[in-house]
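Student: Structure provided below as structure tokens; questions to follow.
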Amino acid sequence: MAEAADFQGTSPSPARRWLRRTAALLAGAPLLAGLLQLPAAQSAGAAPQKATGSRTVAVAVDSLDPGVLGDGDTLTVSGTVTNNGRQTVTDARVDLRLGPELSTRSMIDSIAKRTGYLPGTDGSALGGKYVTKIDKLAPGVAQHFSIAVPADELDLGDNGVYQLAVSLSGSTAAQSWEHVLGIQRTFLPWQPEEARTKTKTTFLWPLVSTVHMTAETGPGEQQTPVFLDDDLAQEISPGGRLDQLVSLGRSLDVTWVVDPDLLASVDAMTGSYRVRGDGDTTTAGTHQAVAKQWLAQLQQAVADEEVVALPFADPDLASLAHNGTSVTGSLSQLKAASDVAATTVRTVLHVTPSTDFAWPVEGAVDPSIVKVATSAGADKVIARSDSLKETSGLWYTPSAARPVGGGTTAVVADADLSTAFQGDLTKASSATLAVQRFLAQSLELNLQTSKQRSIVVAPQRMPTSSQAQAMAAALTALQGGTWSQAQQLTAAAKAEPDPDATTKIPYTSSYRSSLRKQQLPRSAFQQIATTQDKLDNFQVVLTDESRVATPFGLAVNREMSTSWRGRATQASTFRQGVEGHLATLSDQVGLIEKSDTKLSGRSATIPVTVQNNLVQGVDHLVLRLTSTNSTRLKIGGKSFDEQPIAVSGGHSQTVKFTTSANVNGQTTVIAQLYTQDGRTYGAPVTFDVKVTEITAAVMLVIGGGVLLLVLAGFRMYTQRKRAAARAADDGSGAADETEGEGENPQSPAERLSEESGTEARADGPQQPSDPAPDTAAENTGPSGTGERVDR
């Protein structure tokens, strides 16, 4: 952001001009004085030396009350002084030093970076009764101080920001004269009157955390969620980071920026949940009451406030723009994350959020980031002024809203205000300095021009508890001040843009290398695409796909989270865990391995079994059995056959396929499941079928044998029939002979038998229709003379 020049939009007062001239005359003094105060340089490898010169004593300003001074106020400055030198400090005193008024924002930044005492620029000690005397300060010893000064004793001039320093002066054995041994600078905003034009300030209050939930759910119908760890419970417990943000934010006029994944995770904790332990073990979660309490407090805090919902799991827009757009489906993941955001916030917080804003990491933008950010429906991108820098030489800080083309508005947050609360603020002195610097920057911004502007403050995404406390302290002082009024983010985005403000998005090459190194690699997006493809293939076969689509769909969104920056190993482990668990579930539906099969004959059936070990049923599957040699073995009359599959949860189904063999030999058969759209599902099962086919010659032999058996049976039947008929005829002839010979004379045959002394053959012709025997009956007696005998 362009810094203000030394002149204002209105004419400065004579006192203000005099102070500026004094500062200009003394501008060269700091360098020389600083050189005189620097300790001797340490040689390479030398042991660390104790602090010397004006850094001998560390001065910490732990509190400055009030942070913004007005008429009738009494300024109270408290803190500690600690002797870091080797010698005891004697006859010491702690003084307040009021420096010159600071006329530009860049001067505030410059002074904040100074160390050591700079004579002439740090102002004169107030002296008198506004000191704390310390007779002796031994090495390593800390001493508390507190100095209270009425505002009218400071002799301040116009509204503005003044340098205020706390110094310790004393003497040591090596330097027995009084001199400054330690100093700490801070800033004193002085605003006794209402500003004629107030700055409209929008402060984003982020509720964002890291990824906590896995794609895994417990067995059974309840689908108990499984968490990576129990860290979220610590964050929302009383005194935790997220608990502090809610407790502090509820009394402030801020715009809440919420990651819906955080809300969904805490909401899941209000019921039964499990926490992953070592290996594959999980333990029951026990923080349901804490989760319910935190959500209740948050619902009350945001009831009448503006809520902005980020896409689900806060996707890393820069990583996606630079490494993910070349991977098919990556932008679809961002769209899905955006679509579910509003629904999640409404369900959990019972408010309707704005989903029009995209927030790249640290507000760093380039054309590709803006394009990706707006591809999912957002038309406003929260940038930062150290990325979208002023190029027109504008001498004041313009309003945040900038039209950047294509119907997109860049909402440019002020970099100095947004980064004021970074770093370790666990010490009261560090927090106090951060608060005073923020207030000084805000007041100086207001004094730049009489033109009203809308300013946005976008702090770090995940402030610590101490950072949140410092932010709240600064906002409380700001909202109680006289130069600023709160404004919602949507209003700031709609504010009249400054015509002289830059609207040119910087080139991609200008994207900071420190941020680029933390991005998700292209391989991460490739793995995400693979997981999504497997998920799509799996869920179409389920009778209740929501049981899988919801937890895994959200887990895929979490794989793109901004929170993985700087945690590449954890990010990779999470992606592998999601893909691995999906594979485990998919493998619960599959074919049972089959041993080799033997077939004898021209046709037979081959059974194949599909097993479903899931809780729910599967449908929309097709089982295909394929012969690799359809000349030898056909399935269903062709090279393959298919049958639809539907298996209830926890059951299996056996499907039989009809086969026909043409040639003896061994054939490999492949069983494979497919989805209805023709995509393979699971691994195939391969087995061999050995065919023993019956040849035509063998069939003829068997057929001939059967025919002979039939003929033999028929012959036996006819022979028995003849014998029965002859026996019947013999019985009736004997009866006739007995009853009367005259009435039934013998036939020529009977007479011939009697003459020859032989009986007629039983198998000879008995009836005219009986067939003749193959050979004549032989006479067992001797042949008569002249009688021919056949041999």
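Here, A, B, ... name the chains of the structure tokens in the order displayed, residue numbers run from 1 inside each chain, and ligands are numbered from 1 in the same displayed order.
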Could you give me the residues within region 292-460 of chain A that DSSP places in alpha helix (DSSP H), as number ranges by chain?

Tutor: A: 292-301, 317-319, 330-349, 367-375, 415-418, 428-447

Student: Would you save the residues of that selection, restricted to C-alpha atoms, as an mmCIF file, in the first residue's frame?

Tutor:
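And here is the file that came out, result_2.cif:
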```
data_model
loop_
_atom_site.group_PDB
_atom_site.id
_atom_site.type_symbol
_atom_site.label_atom_id
_atom_site.label_comp_id
_atom_site.auth_asym_id
_atom_site.auth_seq_id
_atom_site.Cartn_x
_atom_site.Cartn_y
_atom_site.Cartn_z
ATOM 1 C CA LYS A 292 -22.179 -28.573 22.632
ATOM 2 C CA GLN A 293 -21.150 -25.664 24.835
ATOM 3 C CA TRP A 294 -18.805 -24.196 22.208
ATOM 4 C CA LEU A 295 -21.421 -24.421 19.469
ATOM 5 C CA ALA A 296 -24.040 -22.811 21.696
ATOM 6 C CA GLN A 297 -21.715 -19.901 22.456
ATOM 7 C CA LEU A 298 -20.855 -19.480 18.790
ATOM 8 C CA GLN A 299 -24.506 -19.513 17.760
ATOM 9 C CA GLN A 300 -25.184 -16.687 20.203
ATOM 10 C CA ALA A 301 -22.116 -14.746 19.086
ATOM 11 C CA LEU A 317 -6.581 -21.628 -3.931
ATOM 12 C CA ALA A 318 -2.980 -20.797 -4.829
ATOM 13 C CA SER A 319 -1.911 -24.457 -4.846
ATOM 14 C CA SER A 330 -9.566 -30.472 -9.532
ATOM 15 C CA LEU A 331 -11.790 -27.479 -10.197
ATOM 16 C CA SER A 332 -14.814 -29.713 -9.671
ATOM 17 C CA GLN A 333 -13.547 -30.404 -6.167
ATOM 18 C CA LEU A 334 -13.466 -26.666 -5.450
ATOM 19 C CA LYS A 335 -17.013 -26.305 -6.775
ATOM 20 C CA ALA A 336 -18.200 -29.147 -4.542
ATOM 21 C CA ALA A 337 -16.498 -27.558 -1.527
ATOM 22 C CA SER A 338 -18.232 -24.262 -2.273
ATOM 23 C CA ASP A 339 -21.650 -25.839 -2.757
ATOM 24 C CA VAL A 340 -21.676 -27.572 0.617
ATOM 25 C CA ALA A 341 -20.412 -24.535 2.546
ATOM 26 C CA ALA A 342 -23.662 -22.575 2.906
ATOM 27 C CA THR A 343 -25.672 -25.666 3.803
ATOM 28 C CA THR A 344 -23.235 -26.615 6.567
ATOM 29 C CA VAL A 345 -23.244 -23.143 8.135
ATOM 30 C CA ARG A 346 -27.036 -22.863 8.023
ATOM 31 C CA THR A 347 -27.438 -26.302 9.565
ATOM 32 C CA VAL A 348 -25.004 -25.753 12.427
ATOM 33 C CA LEU A 349 -25.193 -22.016 13.171
ATOM 34 C CA PRO A 367 -4.213 -13.845 -12.481
ATOM 35 C CA SER A 368 -4.372 -17.631 -12.138
ATOM 36 C CA ILE A 369 -5.397 -17.424 -8.459
ATOM 37 C CA VAL A 370 -8.141 -14.917 -9.215
ATOM 38 C CA LYS A 371 -9.406 -17.105 -12.049
ATOM 39 C CA VAL A 372 -9.557 -20.205 -9.852
ATOM 40 C CA ALA A 373 -11.018 -18.300 -6.900
ATOM 41 C CA THR A 374 -13.944 -17.084 -8.964
ATOM 42 C CA SER A 375 -14.489 -20.347 -10.849
ATOM 43 C CA ALA A 415 -0.958 -5.187 5.011
ATOM 44 C CA ASP A 416 0.371 -3.242 8.014
ATOM 45 C CA LEU A 417 -2.849 -3.569 9.962
ATOM 46 C CA SER A 418 -3.337 -7.197 8.952
ATOM 47 C CA ALA A 428 2.512 -8.942 27.790
ATOM 48 C CA SER A 429 5.163 -6.585 26.445
ATOM 49 C CA SER A 430 4.972 -8.057 22.944
ATOM 50 C CA ALA A 431 1.178 -7.897 22.931
ATOM 51 C CA THR A 432 1.183 -4.301 24.153
ATOM 52 C CA LEU A 433 3.596 -3.202 21.443
ATOM 53 C CA ALA A 434 1.441 -4.934 18.796
ATOM 54 C CA VAL A 435 -1.730 -3.237 20.020
ATOM 55 C CA GLN A 436 -0.144 0.228 20.116
ATOM 56 C CA ARG A 437 1.379 -0.187 16.680
ATOM 57 C CA PHE A 438 -2.013 -1.229 15.257
ATOM 58 C CA LEU A 439 -3.762 1.757 16.822
ATOM 59 C CA ALA A 440 -1.038 4.104 15.617
ATOM 60 C CA GLN A 441 -1.309 2.829 12.044
ATOM 61 C CA SER A 442 -5.091 3.115 12.097
ATOM 62 C CA LEU A 443 -5.075 6.702 13.402
ATOM 63 C CA GLU A 444 -2.332 7.772 11.008
ATOM 64 C CA LEU A 445 -4.313 6.283 8.138
ATOM 65 C CA ASN A 446 -7.331 8.338 9.148
ATOM 66 C CA LEU A 447 -5.256 11.532 9.311
#
```

Student: Please return as an MDAnalysis selection string: the residues of region 464-706 of chain A that backbone DSSP assigns to strand (DSSP E or B).

Tutor: chainID A and resid 484:486 542 561 589:591 597:600 603:612 618:627 633:635 638 640:647 652:661 665:675 680:692

Student: Within 12 Å of Leu599 (chain A), counting only C-alpha atoms, which residues show up once you throw out same-chain ones fewer than 4 positions away? Write them as a PyMOL selection string, please.

Tutor: chain A and resi 603-606+632-633+658-667+688-694

Student: Let's have the selection written as a compact mmCIF listing (two decimals), in the first residue's frame, with C-alpha atoms.

Tutor:
```txt
# COMPACT_ATOMS: atom_id res chain seq x y z
CA SER A 603 -22.20 -78.92 -21.91
CA ALA A 604 -22.04 -78.04 -18.24
CA THR A 605 -22.59 -75.13 -15.79
CA ILE A 606 -19.86 -73.15 -14.01
CA ARG A 632 -12.72 -74.77 -27.45
CA LEU A 633 -15.17 -73.51 -24.82
CA THR A 658 -23.94 -72.46 -19.09
CA THR A 659 -20.94 -73.63 -21.12
CA SER A 660 -20.52 -75.79 -24.23
CA ALA A 661 -17.35 -77.63 -25.27
CA ASN A 662 -16.24 -78.37 -28.78
CA VAL A 663 -12.67 -79.61 -28.41
CA ASN A 664 -10.75 -81.35 -25.70
CA GLY A 665 -8.19 -79.32 -23.78
CA GLN A 666 -7.65 -76.61 -21.16
CA THR A 667 -9.14 -73.12 -21.40
CA ASP A 688 -8.71 -72.96 -15.84
CA VAL A 689 -11.39 -75.25 -17.22
CA LYS A 690 -10.20 -78.64 -18.51
CA VAL A 691 -12.54 -80.11 -21.10
CA THR A 692 -12.69 -83.91 -21.71
CA GLU A 693 -14.91 -84.13 -24.86
CA ILE A 694 -16.47 -87.51 -26.11
```

Student: Would you pick out the contacts of Ala148 (chain A) at 9 Å or less, using only C-alpha atoms, so that residues sharing its chain but fewer than 2 positions from it are not included, and give the list as a ChimeraX atom specification?

Tutor: /A:74-78,130-131,146,150

Student: Which residues are close to region 281-285 of chain A, i.e. within 12 Å by only C-alpha atoms, leaving aside same-chain residues fewer than 4 positions away? Reply as a PyMOL selection string.

Tutor: chain A and resi 216-218+224-233+266+268-277+289-291

Student: Write a file of the selected residues as a PDB file, in the first residue's frame, keeping C-alpha atoms.

Tutor:
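Contents of again_6.pdb, freshly written:
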```pdb
ATOM      1  CA  GLU A 216     -13.431 -43.493   8.313  1.00  0.00           C
ATOM      2  CA  THR A 217     -16.618 -44.243  10.189  1.00  0.00           C
ATOM      3  CA  GLY A 218     -17.321 -46.900  12.772  1.00  0.00           C
ATOM      4  CA  THR A 224     -19.668 -43.113  14.096  1.00  0.00           C
ATOM      5  CA  PRO A 225     -17.090 -40.555  12.861  1.00  0.00           C
ATOM      6  CA  VAL A 226     -13.404 -41.130  13.534  1.00  0.00           C
ATOM      7  CA  PHE A 227     -11.028 -38.237  14.332  1.00  0.00           C
ATOM      8  CA  LEU A 228      -7.321 -38.089  13.603  1.00  0.00           C
ATOM      9  CA  ASP A 229      -6.594 -36.915  17.141  1.00  0.00           C
ATOM     10  CA  ASP A 230      -8.182 -35.110  20.077  1.00  0.00           C
ATOM     11  CA  ASP A 231      -6.593 -31.731  19.334  1.00  0.00           C
ATOM     12  CA  LEU A 232      -9.897 -30.117  18.376  1.00  0.00           C
ATOM     13  CA  ALA A 233     -11.269 -30.850  21.839  1.00  0.00           C
ATOM     14  CA  VAL A 266     -17.425 -29.878  16.226  1.00  0.00           C
ATOM     15  CA  ALA A 268     -19.869 -34.431  14.922  1.00  0.00           C
ATOM     16  CA  MET A 269     -18.284 -34.317  18.378  1.00  0.00           C
ATOM     17  CA  THR A 270     -21.637 -33.563  19.998  1.00  0.00           C
ATOM     18  CA  GLY A 271     -22.622 -37.202  19.415  1.00  0.00           C
ATOM     19  CA  SER A 272     -20.749 -40.472  19.510  1.00  0.00           C
ATOM     20  CA  TYR A 273     -17.298 -40.264  17.948  1.00  0.00           C
ATOM     21  CA  ARG A 274     -14.023 -42.082  18.146  1.00  0.00           C
ATOM     22  CA  VAL A 275     -10.404 -40.927  18.183  1.00  0.00           C
ATOM     23  CA  ARG A 276      -7.666 -42.783  16.342  1.00  0.00           C
ATOM     24  CA  GLY A 277      -4.894 -44.135  18.523  1.00  0.00           C
ATOM     25  CA  ALA A 289     -20.398 -31.555  26.472  1.00  0.00           C
ATOM     26  CA  VAL A 290     -17.520 -29.268  25.474  1.00  0.00           C
ATOM     27  CA  ALA A 291     -18.565 -29.416  21.817  1.00  0.00           C
TER      28      ALA A 291
END
```

Student: In Å, with one decimal, what is the gap from CA of Ala524 (chain A) to CA of Ser563 (chain A)?

Tutor: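 Pair CA of Ala524 (chain A) / CA of Ser563 (chain A) returns 14.3 Å.
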
Student: Leaving out Gln479 (chain A) and any residue of its chain fewer than 5 positions from it, which residues lie within 12 Å of it when counting only C-alpha atoms, given as a PDB file with C-alpha atoms, in the first residue's frame?

Tutor:
```pdb
ATOM      1  CA  GLY A  67      -4.177   2.756  24.520  1.00  0.00           C
ATOM      2  CA  VAL A  68      -5.697   5.855  22.938  1.00  0.00           C
ATOM      3  CA  LYS A 198     -14.185   8.487  10.307  1.00  0.00           C
ATOM      4  CA  THR A 199     -12.533   5.501   8.702  1.00  0.00           C
ATOM      5  CA  LYS A 200     -14.858   2.591   8.069  1.00  0.00           C
ATOM      6  CA  THR A 201     -12.940  -0.413   9.345  1.00  0.00           C
ATOM      7  CA  THR A 202     -13.783  -4.050   8.628  1.00  0.00           C
ATOM      8  CA  PHE A 203     -12.010  -6.587  10.824  1.00  0.00           C
ATOM      9  CA  SER A 251     -18.263  -8.595  22.265  1.00  0.00           C
ATOM     10  CA  LEU A 252     -16.674  -7.113  19.134  1.00  0.00           C
ATOM     11  CA  ASP A 253     -18.149  -5.723  15.940  1.00  0.00           C
ATOM     12  CA  VAL A 254     -16.414  -8.008  13.444  1.00  0.00           C
ATOM     13  CA  LEU A 439      -3.762   1.757  16.822  1.00  0.00           C
ATOM     14  CA  SER A 442      -5.091   3.115  12.097  1.00  0.00           C
ATOM     15  CA  LEU A 443      -5.075   6.702  13.402  1.00  0.00           C
ATOM     16  CA  ALA A 472      -9.444  -8.060  20.837  1.00  0.00           C
ATOM     17  CA  ALA A 473      -7.625  -5.454  22.940  1.00  0.00           C
ATOM     18  CA  ALA A 474      -6.787  -3.418  19.858  1.00  0.00           C
ATOM     19  CA  SER A 484     -13.022   4.686  13.255  1.00  0.00           C
ATOM     20  CA  GLN A 485     -16.387   3.014  12.844  1.00  0.00           C
ATOM     21  CA  ALA A 486     -17.067  -0.671  12.229  1.00  0.00           C
ATOM     22  CA  GLN A 487     -18.290  -1.912   8.875  1.00  0.00           C
TER      23      GLN A 487
END
```

Student: Would you please work out which residue, of A:Glu178, A:Asp73, A:Ala215, A:Ile236, is nearest to Glu153 (chain A) when using only C-alpha atoms?

Tutor: A:Asp73

Student: Restricting the calculation to only C-alpha atoms, which member of A:Val578, A:Gln467, A:Asp304, A:Val81 is positioned closest to Thr352 (chain A)?

Tutor: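 Nearest to Thr352 (chain A): A:Asp304.
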
Student: Go through A:Val615, A:Val161, A:Val457, A:Val608 and flag the residue nearest Met107 (chain A), using only C-alpha atoms for the distances.

Tutor: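 Going through A:Val615, A:Val161, A:Val457, A:Val608 one by one, the smallest distance to Met107 (chain A) is for A:Val161.
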
Student: List the neighbours of region 167-177 of chain A out to 6 Å using only C-alpha atoms; skip same-chain residues closer than 2 positions along the sequence, and give me the result as an MDAnalysis selection string.

Tutor: chainID A and resid 89:95 179:183

Student: State, in Å with one decimal place, the distance from CA of Gly249 (chain A) to CA of Ala112 (chain A).

Tutor: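 We find that CA of Gly249 (chain A) and CA of Ala112 (chain A) lie 27.4 Å from each other.
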
Student: What is the CA of Ala321 (chain A)-CA of Thr490 (chain A) distance in Å, reported with one decimal?

Tutor: 25.0 Å
